[in-house]
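Peer 1: Provided herewith: upload35.txt, compact mmCIF, C-alpha atoms.
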# COMPACT_ATOMS: atom_id res chain seq x y z
CA MET K 1 -8.43 -29.37 2.40
CA LEU K 2 -8.44 -26.90 -0.47
CA LEU K 3 -11.91 -25.71 0.54
CA GLN K 4 -10.70 -25.27 4.13
CA ILE K 5 -7.83 -23.13 2.85
CA LEU K 6 -10.23 -21.09 0.72
CA GLY K 7 -12.57 -20.57 3.67
CA THR K 8 -9.83 -19.62 6.14
CA PHE K 9 -8.31 -17.00 3.85
CA ALA K 10 -11.74 -15.66 2.86
CA VAL K 11 -12.40 -14.88 6.54
CA LEU K 12 -8.93 -13.29 6.87
CA SER K 13 -9.68 -11.18 3.79
CA LEU K 14 -12.63 -9.50 5.49
CA LEU K 15 -10.64 -8.99 8.72
CA ALA K 16 -7.75 -7.30 6.92
CA VAL K 17 -8.60 -3.65 7.57
CA GLY K 18 -5.35 -1.83 6.79
CA GLY K 19 -4.01 -4.52 4.49
CA ALA K 20 -1.57 -7.40 4.78
CA ASN K 21 0.54 -6.25 7.72
CA ALA K 22 -2.55 -5.54 9.82
CA VAL K 23 -3.88 -9.08 9.36
CA LEU K 24 -0.53 -10.86 9.93
CA PRO K 25 -1.10 -11.60 13.66
CA GLU K 26 -4.54 -13.08 12.96
CA MET K 27 -3.11 -15.06 10.03
CA HIS K 28 -0.49 -16.48 12.40
CA ARG K 29 -3.19 -17.38 14.96
CA GLN K 30 -5.37 -19.11 12.36
CA LEU K 31 -2.66 -21.01 10.45
CA VAL K 32 -0.11 -21.82 13.16
CA VAL K 33 -2.00 -21.88 16.47
CA LEU K 34 -5.51 -23.03 15.54
CA ARG K 35 -4.97 -25.25 12.50
CA GLY K 36 -1.33 -26.22 12.90
CA TRP K 37 -0.72 -26.07 9.14
CA LEU K 38 2.80 -24.70 9.65
CA ASP K 39 5.22 -23.88 12.47
CA ASP K 40 6.58 -20.54 13.68
CA ALA K 41 9.88 -20.72 11.80
CA THR K 42 8.22 -21.64 8.50
CA PHE K 43 5.69 -18.82 8.95
CA ALA K 44 8.53 -16.32 9.37
CA GLN K 45 10.52 -17.71 6.42
CA LEU K 46 7.50 -17.68 4.10
CA TYR K 47 6.85 -14.08 5.14
CA ALA K 48 10.43 -13.15 4.22
CA LEU K 49 10.08 -15.07 0.94
CA SER K 50 6.94 -13.14 -0.03
CA GLN K 51 8.68 -9.85 0.79
CA ALA K 52 11.47 -10.69 -1.66
CA ALA K 53 8.96 -10.87 -4.53
CA PRO K 54 7.51 -7.65 -5.95
CA GLY K 55 3.79 -6.95 -5.79
CA PRO K 56 1.11 -6.43 -3.14
CA ASN K 57 2.18 -7.47 0.39
CA ILE K 58 -0.96 -9.60 0.63
CA LEU K 59 0.88 -12.22 -1.46
CA VAL K 60 2.21 -13.47 1.87
CA ALA K 61 -1.09 -15.41 1.91
CA SER K 62 -0.22 -17.04 -1.44
CA ALA K 63 3.14 -18.21 -0.09
CA MET K 64 1.42 -19.75 2.96
CA GLY K 65 -1.13 -21.47 0.71
CA TRP K 66 1.66 -22.91 -1.42
CA TRP K 67 3.43 -24.37 1.62
CA ILE K 68 0.20 -25.93 2.94
CA ALA K 69 -1.01 -27.55 -0.28
CA GLY K 70 1.22 -26.77 -3.27
CA THR K 71 0.02 -24.92 -6.35
CA GLY K 72 -3.65 -25.62 -5.56
CA GLY K 73 -3.14 -24.19 -2.08
CA LEU K 74 -1.51 -21.11 -3.57
CA ALA K 75 -4.49 -20.60 -5.87
CA MET K 76 -7.05 -21.13 -3.08
CA ALA K 77 -5.25 -18.82 -0.61
CA THR K 78 -4.90 -16.10 -3.27
CA LEU K 79 -8.55 -16.32 -4.36
CA GLY K 80 -9.77 -16.51 -0.76
CA MET K 81 -7.76 -13.44 0.19
CA LEU K 82 -8.78 -11.44 -2.90
CA LEU K 83 -12.39 -12.21 -3.78
CA PRO K 84 -14.35 -11.13 -0.65
CA SER K 85 -12.56 -7.80 -0.24
CA ALA K 86 -12.56 -7.14 -4.00
CA ALA K 87 -16.32 -7.77 -4.10
CA LEU K 88 -16.78 -5.30 -1.23
CA ALA K 89 -14.58 -2.69 -2.97
CA TRP K 90 -16.61 -3.26 -6.15
CA GLY K 91 -19.85 -2.63 -4.26
CA VAL K 92 -18.52 0.50 -2.55
CA ALA K 93 -17.23 1.84 -5.89
CA GLY K 94 -20.75 1.37 -7.29
CA LEU K 95 -22.21 3.17 -4.29
CA THR K 96 -19.92 6.17 -4.77
CA ILE K 97 -20.90 6.29 -8.46
CA ARG K 98 -24.63 6.20 -7.56
CA LEU K 99 -24.21 8.84 -4.82
CA ARG K 100 -21.89 11.09 -6.81
CA HIS K 101 -24.38 13.97 -6.75
CA ALA K 102 -24.86 13.85 -2.96
CA PRO K 103 -23.32 17.05 -1.55
CA TRP K 104 -21.71 15.23 1.38
CA LEU K 105 -19.95 12.47 -0.56
CA ARG K 106 -16.81 14.32 -1.69
CA PRO K 107 -16.20 16.06 1.66
CA ALA K 108 -16.70 12.72 3.43
CA GLN K 109 -14.23 11.03 1.09
CA ALA K 110 -11.83 13.93 1.53
CA GLY K 111 -11.99 13.25 5.28
CA LEU K 112 -10.46 9.81 4.75
CA VAL K 113 -7.52 11.20 2.78
CA PRO K 114 -5.37 12.38 5.74
CA VAL K 115 -5.96 9.06 7.55
CA ALA K 116 -4.81 7.17 4.46
CA ILE K 117 -1.69 9.31 3.95
CA GLY K 118 -0.87 9.20 7.68
CA LEU K 119 -1.01 5.39 7.63
CA MET K 120 1.16 5.36 4.49
CA LEU K 121 3.74 7.56 6.22
CA ALA K 122 3.64 5.23 9.24
CA ALA K 123 4.16 2.17 7.02
CA GLY K 124 7.24 3.84 5.51
CA LEU K 125 8.63 4.67 8.97
CA VAL K 126 8.08 1.12 10.22
CA MET K 127 9.76 -0.27 7.08
CA ALA K 128 12.64 2.17 7.63
CA GLY K 129 13.04 0.94 11.21
CA ALA K 130 13.08 -2.69 10.08
CA SER K 131 15.64 -1.97 7.34
CA ALA K 132 17.89 -0.17 9.84
CA GLU K 133 17.85 -3.27 12.06
CA ALA K 134 18.79 -5.53 9.16
CA GLY K 135 21.05 -3.22 7.15
CA GLY K 136 23.26 -1.37 9.63
CA TRP K 137 24.46 2.20 9.17
CA LEU K 138 23.91 2.25 5.42
CA ALA K 139 20.13 1.76 5.63
CA PRO K 140 19.17 5.16 7.11
CA ALA K 141 21.26 6.92 4.43
CA ILE K 142 19.46 5.00 1.67
CA VAL K 143 16.07 5.73 3.27
CA LEU K 144 16.86 9.45 3.46
CA ALA K 145 18.16 9.70 -0.11
CA SER K 146 15.27 7.68 -1.48
CA ALA K 147 12.61 9.73 0.35
CA LEU K 148 14.14 13.01 -0.86
CA VAL K 149 14.38 11.85 -4.49
CA VAL K 150 10.77 10.62 -4.57
CA TRP K 151 9.45 13.68 -2.73
CA ARG K 152 11.43 16.49 -4.35
CA THR K 153 12.19 15.26 -7.89
CA PRO K 154 10.13 13.86 -10.78
CA TRP K 155 12.71 11.08 -11.36
CA SER K 156 11.49 7.52 -11.59
CA PRO K 157 11.75 5.55 -8.30
CA LEU K 158 13.32 2.83 -10.44
CA TRP K 159 16.70 4.59 -10.11
CA VAL K 160 16.23 4.75 -6.36
CA MET K 161 15.59 1.01 -6.15
CA ALA K 162 18.51 0.20 -8.42
CA GLY K 163 20.76 2.52 -6.40
CA GLY K 164 19.60 0.98 -3.12
CA GLY K 165 20.22 -2.56 -4.39
CA LEU K 166 23.65 -1.63 -5.74
CA ALA K 167 24.66 0.16 -2.54
CA GLY K 168 23.56 -2.91 -0.56
CA LEU K 169 25.63 -5.20 -2.78
CA LEU K 170 28.77 -3.03 -2.79
CA LEU K 171 28.81 -2.07 0.88
CA GLY K 172 26.60 -4.63 2.62
CA MET U 173 11.30 6.91 14.49
CA PRO U 174 13.93 8.98 12.62
CA SER U 175 13.74 12.51 13.89
CA TRP U 176 14.77 14.10 10.58
CA THR U 177 11.45 13.09 9.05
CA THR U 178 9.55 14.67 11.88
CA LEU U 179 11.66 17.82 11.57
CA ARG U 180 11.31 18.09 7.82
CA PHE U 181 7.63 17.43 8.13
CA ALA U 182 7.20 20.13 10.76
CA ALA U 183 9.22 22.50 8.55
CA SER U 184 6.95 21.80 5.59
CA MET U 185 3.94 22.66 7.72
CA VAL U 186 5.12 26.04 8.97
CA ARG U 187 6.56 26.92 5.54
CA PRO U 188 3.86 26.17 3.02
CA ALA U 189 6.14 27.71 0.37
CA TRP U 190 7.83 24.29 0.25
CA SER U 191 4.72 22.81 -1.26
CA ARG U 192 4.50 25.58 -3.83
CA ALA U 193 8.01 24.86 -5.04
CA LEU U 194 6.62 21.76 -6.76
CA PRO U 195 5.06 22.46 -10.13
CA ASP U 196 1.49 21.22 -10.29
CA LEU U 197 0.71 18.46 -12.75
CA PRO U 198 -1.53 19.47 -15.63
CA ALA U 199 -5.15 19.00 -14.61
CA GLU U 200 -6.27 17.08 -17.71
CA THR U 201 -6.53 13.32 -17.39
CA HIS U 202 -6.75 10.54 -19.96
CA VAL U 203 -9.28 7.71 -20.04
CA PRO U 204 -7.35 4.42 -20.27
CA THR U 205 -8.43 1.59 -22.58
CA ARG U 206 -8.88 -1.90 -21.11
CA LEU U 207 -5.44 -2.87 -22.40
CA ASP U 208 -3.99 0.29 -20.79
CA LEU U 209 -5.46 -0.76 -17.44
CA PHE U 210 -3.95 -4.24 -17.69
CA LEU U 211 -0.52 -3.04 -18.85
CA GLY U 212 -0.38 -0.17 -16.36
CA TYR U 213 -1.08 -2.48 -13.43
CA LEU U 214 1.27 -5.12 -14.82
CA LYS U 215 4.01 -2.50 -14.39
CA VAL U 216 2.78 -1.62 -10.88
CA GLY U 217 2.94 -5.27 -9.81
CA LEU U 218 6.28 -5.97 -11.45
CA LEU U 219 8.08 -2.97 -9.95
CA GLY U 220 6.35 -3.01 -6.55
CA PHE U 221 9.15 -4.18 -4.28
CA GLY U 222 8.18 -3.61 -0.64
CA GLY U 223 4.55 -3.01 -1.61
CA VAL U 224 2.71 -1.41 -4.50
CA ALA U 225 1.52 1.87 -2.92
CA VAL U 226 4.35 3.92 -4.45
CA TRP U 227 4.07 2.55 -7.99
CA SER U 228 0.29 2.56 -8.08
CA ARG U 229 0.22 6.32 -7.48
CA ARG U 230 3.23 6.91 -9.71
CA VAL U 231 1.67 5.13 -12.72
CA VAL U 232 -1.94 6.29 -12.27
CA VAL U 233 -1.28 9.95 -11.34
CA GLU U 234 2.15 10.94 -12.67
CA GLU U 235 2.94 8.73 -15.66
CA ARG U 236 -0.39 7.84 -17.30
CA ARG U 237 -2.59 10.57 -15.76
CA TRP U 238 -5.75 8.55 -15.43
CA LEU U 239 -6.70 10.41 -12.24
CA THR U 240 -5.76 13.69 -10.56
CA GLU U 241 -3.83 13.66 -7.28
CA ARG U 242 -7.05 14.44 -5.40
CA GLU U 243 -9.19 11.80 -7.13
CA TYR U 244 -6.51 9.20 -6.46
CA ALA U 245 -6.17 10.23 -2.82
CA GLU U 246 -9.94 9.91 -2.33
CA LEU U 247 -9.96 6.37 -3.75
CA LEU U 248 -6.94 5.52 -1.57
CA GLY U 249 -8.87 6.74 1.48
CA LEU U 250 -11.70 4.32 0.69
CA GLY U 251 -9.26 1.53 -0.11
CA GLN U 252 -7.61 1.97 3.31
CA ILE U 253 -10.78 1.71 5.41
CA LEU U 254 -12.18 -1.26 3.48
CA PRO U 255 -10.81 -4.68 4.47
CA GLY U 256 -8.35 -6.41 2.15
CA PRO U 257 -5.23 -5.20 0.36
CA ASN U 258 -5.40 -1.38 0.16
CA ILE U 259 -4.04 -0.99 -3.34
CA GLY U 260 -5.96 -4.10 -4.44
CA ASN U 261 -9.15 -2.28 -3.41
CA VAL U 262 -8.06 0.90 -5.21
CA THR U 263 -7.30 -1.18 -8.31
CA VAL U 264 -10.81 -2.68 -8.32
CA MET U 265 -12.36 0.78 -7.92
CA ILE U 266 -10.26 2.37 -10.67
CA GLY U 267 -10.98 -0.56 -13.01
CA ARG U 268 -14.72 -0.30 -12.38
CA ARG U 269 -14.71 3.46 -12.80
CA PHE U 270 -13.32 3.26 -16.34
CA HIS U 271 -14.52 -0.10 -17.72
CA GLY U 272 -16.92 -1.76 -15.28
CA LEU U 273 -16.44 -5.44 -14.47
CA ALA U 274 -14.00 -6.02 -17.34
CA GLY U 275 -11.91 -3.08 -16.14
CA ALA U 276 -11.84 -4.29 -12.54
CA VAL U 277 -10.90 -7.85 -13.56
CA LEU U 278 -8.22 -6.75 -16.06
CA ALA U 279 -6.60 -4.22 -13.71
CA THR U 280 -6.56 -6.78 -10.87
CA ALA U 281 -5.18 -9.49 -13.15
CA GLY U 282 -2.43 -7.10 -14.26
CA LEU U 283 -1.56 -6.28 -10.66
CA TYR U 284 -1.18 -9.90 -9.52
CA ALA U 285 0.03 -11.77 -12.64
CA ALA U 286 3.76 -11.05 -12.54
CA PRO U 287 4.20 -11.09 -8.72
CA LEU U 288 2.40 -14.46 -8.45
CA ALA U 289 4.63 -15.98 -11.14
CA ILE U 290 7.78 -14.64 -9.43
CA LEU U 291 6.57 -15.78 -6.00
CA LEU U 292 5.94 -19.28 -7.33
CA GLY U 293 9.51 -19.32 -8.68
CA LEU U 294 10.86 -18.22 -5.28
CA CYS U 295 8.76 -20.89 -3.52
CA LEU U 296 10.16 -23.60 -5.79
CA ALA U 297 13.72 -22.36 -5.18
CA TYR U 298 13.02 -22.33 -1.44
CA GLU U 299 11.74 -25.92 -1.59
CA ARG U 300 14.77 -27.04 -3.55
CA TYR U 301 17.55 -25.27 -1.64
CA GLY U 302 15.88 -25.07 1.77
CA GLY U 303 16.58 -21.36 2.13
CA LEU U 304 16.25 -18.03 0.42
CA PRO U 305 18.21 -17.58 -2.81
CA GLY U 306 21.42 -15.60 -2.25
CA VAL U 307 20.02 -12.14 -2.78
CA ALA U 308 20.00 -11.06 0.86
CA THR U 309 22.44 -8.14 0.72
CA ALA U 310 20.92 -6.53 -2.38
CA MET U 311 17.48 -7.02 -0.80
CA HIS U 312 18.57 -5.08 2.33
CA GLY U 313 19.42 -2.07 0.15
CA ILE U 314 16.21 -2.39 -1.86
CA ALA U 315 14.15 -2.68 1.34
CA ALA U 316 15.69 0.56 2.64
CA ALA U 317 15.04 2.28 -0.70
CA ALA U 318 11.44 1.02 -0.65
CA ALA U 319 10.94 2.45 2.86
CA GLY U 320 12.22 5.84 1.70
CA MET U 321 9.99 5.69 -1.39
CA VAL U 322 6.88 5.15 0.75
CA ILE U 323 7.84 8.04 3.06
CA GLY U 324 8.63 10.28 0.06
CA THR U 325 5.31 9.44 -1.61
CA ALA U 326 3.36 10.30 1.56
CA LEU U 327 5.20 13.65 1.82
CA LYS U 328 4.68 14.38 -1.88
CA MET U 329 0.93 13.71 -1.68
CA THR U 330 0.66 15.89 1.43
CA ALA U 331 2.48 18.75 -0.30
CA ARG U 332 0.44 18.53 -3.50
CA LEU U 333 -2.99 18.23 -1.84
CA ARG U 334 -2.55 21.34 0.36
CA LEU U 335 -4.52 19.86 3.21
CA PRO U 336 -6.18 22.21 5.71
CA PRO U 337 -4.61 22.37 9.23
CA GLU U 338 -7.09 19.96 10.86
CA ALA U 339 -6.41 17.39 8.14
CA LEU U 340 -2.65 17.73 8.71
CA ALA U 341 -3.27 17.13 12.41
CA VAL U 342 -5.24 13.94 11.61
CA LEU U 343 -2.45 12.82 9.27
CA LEU U 344 0.21 13.25 11.97
CA LEU U 345 -1.98 11.57 14.60
CA ALA U 346 -2.56 8.57 12.33
CA ALA U 347 1.17 8.30 11.59
CA VAL U 348 2.18 8.53 15.27
CA ALA U 349 -0.55 6.09 16.36
CA ALA U 350 0.50 3.49 13.78
CA ALA U 351 4.31 3.90 13.67
CA TRP U 352 5.09 4.88 17.24
CA LEU U 353 2.29 3.64 19.48
CA ARG U 354 1.75 0.61 17.21
CA LEU U 355 -2.01 0.75 17.74
CA PRO U 356 -3.99 -1.76 15.61
CA LEU U 357 -5.03 -0.21 12.29
CA PRO U 358 -8.77 -0.97 12.68
CA VAL U 359 -8.74 1.02 15.95
CA ILE U 360 -7.00 3.98 14.28
CA VAL U 361 -9.41 3.91 11.33
CA LEU U 362 -12.48 3.64 13.60
CA VAL U 363 -11.40 6.55 15.81
CA LEU U 364 -9.74 8.96 13.37
CA GLY U 365 -11.94 8.16 10.34
CA PRO U 366 -15.25 9.51 11.70
CA LEU U 367 -13.43 12.42 13.39
CA SER U 368 -11.72 13.40 10.15
CA ILE U 369 -14.90 13.00 8.07
CA ALA U 370 -16.77 15.23 10.54
CA ALA U 371 -14.01 17.85 10.24
CA ALA U 372 -14.16 17.70 6.44
CA LEU U 373 -17.96 18.01 6.41
CA TRP U 374 -17.71 20.95 8.82
CA ARG U 375 -15.15 22.65 6.58
CA ALA U 376 -17.45 22.14 3.59
CA GLY U 377 -20.18 23.95 5.56
CA LEU U 378 -22.41 20.89 5.85
CA LEU U 379 -22.46 20.69 9.65
CA ARG U 380 -22.99 24.39 10.35
CA HIS U 381 -26.44 25.78 11.03
CA GLY U 382 -27.95 28.54 8.92
Translate the structure of the given file into structure tokens.
Peer 2:
Amino acid sequence: MLLQILGTFAVLSLLAVGGANAVLPEMHRQLVVLRGWLDDATFAQLYALSQAAPGPNILVASAMGWWIAGTGGLAMATLGMLLPSAALAWGVAGLTIRLRHAPWLRPAQAGLVPVAIGLMLAAGLVMAGASAEAGGWLAPAIVLASALVVWRTPWSPLWVMAGGGLAGLLLG
Amino acid sequence: MPSWTTLRFAASMVRPAWSRALPDLPAETHVPTRLDLFLGYLKVGLLGFGGVAVWSRRVVVEERRWLTEREYAELLGLGQILPGPNIGNVTVMIGRRFHGLAGAVLATAGLYAAPLAILLGLCLAYERYGGLPGVATAMHGIAAAAAGMVIGTALKMTARLRLPPEALAVLLLAAVAAAWLRLPLPVIVLVLGPLSIAAALWRAGLLRHG
């Protein structure tokens, strides 16, 4: 069972171009539809649970692993999700170090920068949309204030998070 | 899609003076020790509500100055197109760059240690009480703040990097394709990635004859 969990998440790891949210539909197909390890409602609740914890969004896999097989499942899902893609990133990092004198490397890397920032902007907009659905009229105001503080000031985003949490508590 | 963002963004494009209003960070960077890598990423993981993209850049570029804005953005570009967690990939690459295998392992361990412990605690509470702990209203506010932080970080990077016009066009296309059209990310990366790389190579004079 634990090996099956490891294998399933290792495959998901290599399919996850764009990170956790991009692989979520395939994760649902593998875990709920194909293997029947959990049902729809549990999948959604574990997703929400993983979002309440800080850290990389990919930890949604760890929460699923925990539900399927306890602490061992959590360990296997986390390792399966991390190791293959980390090994690939390690290899690519080595390649960029070896090719660092190639004249085309830096321009080629620079070409990926706008794609990466565009996808980051999109992630923020999607998150903003989701928070507006859950949080009512207050959410867009918090999004706006938070974006402006992070963009236009050197203040730590910690204050933004604390302010957002407090505003949610007082007015939510 | 909130239209104010689009408006502000358009304004920042036609008025590049907006980007000059931000003081540039000093160019010099510091080489972190292995302990620095672990502790820096421990902070990133611990504070990363709603994802770690904001705090990873904040710690690496602004607070500890291990990399310049441009170096970080280039690693982020690679981390995005590779499969797996984007910032997880960036963490491995930064760790390897400074301290090889030990650096990659320590930075990654730092990133996941605290969140995994907290997640396990939440899972146990979920098992015991059959629902989420009563933090829902505060979490709504934090989720909204996290969304704004991600948007603000993307705008800040764009302003600081002074991208050429064709790169800004790619950035907007990627954002619209992902946020509005909801196209799958692999499709966006496969279409816009090669296009954008070709544009960058052309700008560097590598695709022109003579």
Peer 1: Which residues are near U:Ile323? Cut-off 10 Å, all atoms listed in the file, ignore same chain within fewer than 4 positions. Put them as a list in words.
Peer 2: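 Skipping anything fewer than 4 positions along the chain leaves Ile117, Gly118, Met120, Leu121, Ala122, Ala123, Gly124, Leu125, Val126, Met127, Ala128, Val143, Leu144, Ser146, Ala147, Leu148, Val150 and Trp151 of chain K; Thr177, Val226, Ala317, Ala318, Ala319, Leu327 and Lys328 of chain U.
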Peer 1: Please identify all residues of chain K having at least one atom at most 6 Å from any atom of chain U, considering only C-alpha atoms, and return them as a PyMOL selection string.
Peer 2: chain K and resi 13-14+16-19+53-57+85-86+89+93+107-119+121-122+124+126-128+131+135+139+142-143+146-147+150-151+161+164-165+168-169+172
Peer 1: What does the distance between atom CA of K:Gln45 and atom CA of K:Glu133 come to in Å, to one decimal place?
Peer 2: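 Here the two named atoms are 17.1 Å from each other.
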Peer 1: Rounded to one decimal place, report the atom CA of K:Val92-atom CA of K:Pro25 distance in Å.
Peer 2: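 Computed distance, atom CA of K:Val92 to atom CA of K:Pro25, equals 26.7 Å.
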Peer 1: I need every residue sitting at most 9 Å from the point (1.9, -15.1, 1.2) (coordinates as in the file, all atoms listed in the file considered), written as an mmCIF file with C-alpha atoms, in the frame of the given file.
Peer 2:
data_model
loop_
_atom_site.group_PDB
_atom_site.id
_atom_site.type_symbol
_atom_site.label_atom_id
_atom_site.label_comp_id
_atom_site.auth_asym_id
_atom_site.auth_seq_id
_atom_site.Cartn_x
_atom_site.Cartn_y
_atom_site.Cartn_z
ATOM 1 C CA LEU K 46 7.500 -17.680 4.100
ATOM 2 C CA TYR K 47 6.850 -14.080 5.140
ATOM 3 C CA LEU K 49 10.080 -15.070 0.940
ATOM 4 C CA SER K 50 6.940 -13.140 -0.030
ATOM 5 C CA GLN K 51 8.680 -9.850 0.790
ATOM 6 C CA ASN K 57 2.180 -7.470 0.390
ATOM 7 C CA ILE K 58 -0.960 -9.600 0.630
ATOM 8 C CA LEU K 59 0.880 -12.220 -1.460
ATOM 9 C CA VAL K 60 2.210 -13.470 1.870
ATOM 10 C CA ALA K 61 -1.090 -15.410 1.910
ATOM 11 C CA SER K 62 -0.220 -17.040 -1.440
ATOM 12 C CA ALA K 63 3.140 -18.210 -0.090
ATOM 13 C CA MET K 64 1.420 -19.750 2.960
ATOM 14 C CA GLY K 65 -1.130 -21.470 0.710
ATOM 15 C CA TRP K 66 1.660 -22.910 -1.420
ATOM 16 C CA LEU K 74 -1.510 -21.110 -3.570
ATOM 17 C CA ALA K 77 -5.250 -18.820 -0.610
ATOM 18 C CA THR K 78 -4.900 -16.100 -3.270
ATOM 19 C CA LEU U 291 6.570 -15.780 -6.000
#
Peer 1: Rounded to one decimal in Å, what is the spacing between atom CA of U:Phe210 and atom CA of K:Val160?
Peer 2: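 These two atoms are separated by 24.8 Å.
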Peer 1: Name all residues at most 8 Å from U:Thr240 (count all atoms listed in the file; drop same-chain ones fewer than 3 positions away) and give them as a ChimeraX atom specification.
Peer 2: /U:199-201,233,237,243-244
Peer 1: Saving stretch 86-101 of chain K with N, CA and C atoms, as a PDB file, in the first residue's frame, what would that file be?
Peer 2:
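Dumped everything to result29.pdb:
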ATOM      1  N   ALA K  86      12.387  17.207  -7.663  1.00  0.00           N
ATOM      2  CA  ALA K  86      13.597  17.802  -7.087  1.00  0.00           C
ATOM      3  C   ALA K  86      14.841  17.276  -7.807  1.00  0.00           C
ATOM      4  N   ALA K  87      14.843  15.975  -8.136  1.00  0.00           N
ATOM      5  CA  ALA K  87      15.983  15.406  -8.857  1.00  0.00           C
ATOM      6  C   ALA K  87      16.128  16.068 -10.223  1.00  0.00           C
ATOM      7  N   LEU K  88      14.995  16.301 -10.883  1.00  0.00           N
ATOM      8  CA  LEU K  88      15.024  16.963 -12.193  1.00  0.00           C
ATOM      9  C   LEU K  88      15.556  18.398 -12.056  1.00  0.00           C
ATOM     10  N   ALA K  89      15.061  19.130 -11.039  1.00  0.00           N
ATOM     11  CA  ALA K  89      15.523  20.504 -10.821  1.00  0.00           C
ATOM     12  C   ALA K  89      17.021  20.513 -10.526  1.00  0.00           C
ATOM     13  N   TRP K  90      17.472  19.521  -9.754  1.00  0.00           N
ATOM     14  CA  TRP K  90      18.896  19.382  -9.446  1.00  0.00           C
ATOM     15  C   TRP K  90      19.704  19.216 -10.740  1.00  0.00           C
ATOM     16  N   GLY K  91      19.235  18.327 -11.608  1.00  0.00           N
ATOM     17  CA  GLY K  91      19.926  18.086 -12.876  1.00  0.00           C
ATOM     18  C   GLY K  91      19.965  19.334 -13.749  1.00  0.00           C
ATOM     19  N   VAL K  92      18.832  20.039 -13.831  1.00  0.00           N
ATOM     20  CA  VAL K  92      18.775  21.238 -14.668  1.00  0.00           C
ATOM     21  C   VAL K  92      19.676  22.332 -14.092  1.00  0.00           C
ATOM     22  N   ALA K  93      19.714  22.438 -12.751  1.00  0.00           N
ATOM     23  CA  ALA K  93      20.603  23.424 -12.124  1.00  0.00           C
ATOM     24  C   ALA K  93      22.049  23.112 -12.512  1.00  0.00           C
ATOM     25  N   GLY K  94      22.420  21.814 -12.504  1.00  0.00           N
ATOM     26  CA  GLY K  94      23.773  21.432 -12.895  1.00  0.00           C
ATOM     27  C   GLY K  94      24.053  21.785 -14.343  1.00  0.00           C
ATOM     28  N   LEU K  95      23.048  21.585 -15.186  1.00  0.00           N
ATOM     29  CA  LEU K  95      23.187  21.903 -16.611  1.00  0.00           C
ATOM     30  C   LEU K  95      23.427  23.398 -16.813  1.00  0.00           C
ATOM     31  N   THR K  96      22.677  24.233 -16.081  1.00  0.00           N
ATOM     32  CA  THR K  96      22.874  25.680 -16.248  1.00  0.00           C
ATOM     33  C   THR K  96      24.242  26.110 -15.724  1.00  0.00           C
ATOM     34  N   ILE K  97      24.771  25.386 -14.702  1.00  0.00           N
ATOM     35  CA  ILE K  97      26.104  25.720 -14.213  1.00  0.00           C
ATOM     36  C   ILE K  97      27.138  25.330 -15.278  1.00  0.00           C
ATOM     37  N   ARG K  98      26.966  24.145 -15.897  1.00  0.00           N
ATOM     38  CA  ARG K  98      27.931  23.694 -16.899  1.00  0.00           C
ATOM     39  C   ARG K  98      27.872  24.576 -18.150  1.00  0.00           C
ATOM     40  N   LEU K  99      26.682  25.060 -18.501  1.00  0.00           N
ATOM     41  CA  LEU K  99      26.524  25.841 -19.739  1.00  0.00           C
ATOM     42  C   LEU K  99      26.648  27.342 -19.503  1.00  0.00           C
ATOM     43  N   ARG K 100      27.129  27.748 -18.306  1.00  0.00           N
ATOM     44  CA  ARG K 100      27.014  29.165 -17.961  1.00  0.00           C
ATOM     45  C   ARG K 100      27.782  30.083 -18.912  1.00  0.00           C
ATOM     46  N   HIS K 101      28.731  29.530 -19.678  1.00  0.00           N
ATOM     47  CA  HIS K 101      29.457  30.392 -20.610  1.00  0.00           C
ATOM     48  C   HIS K 101      28.830  30.412 -21.995  1.00  0.00           C
TER      49      HIS K 101
END
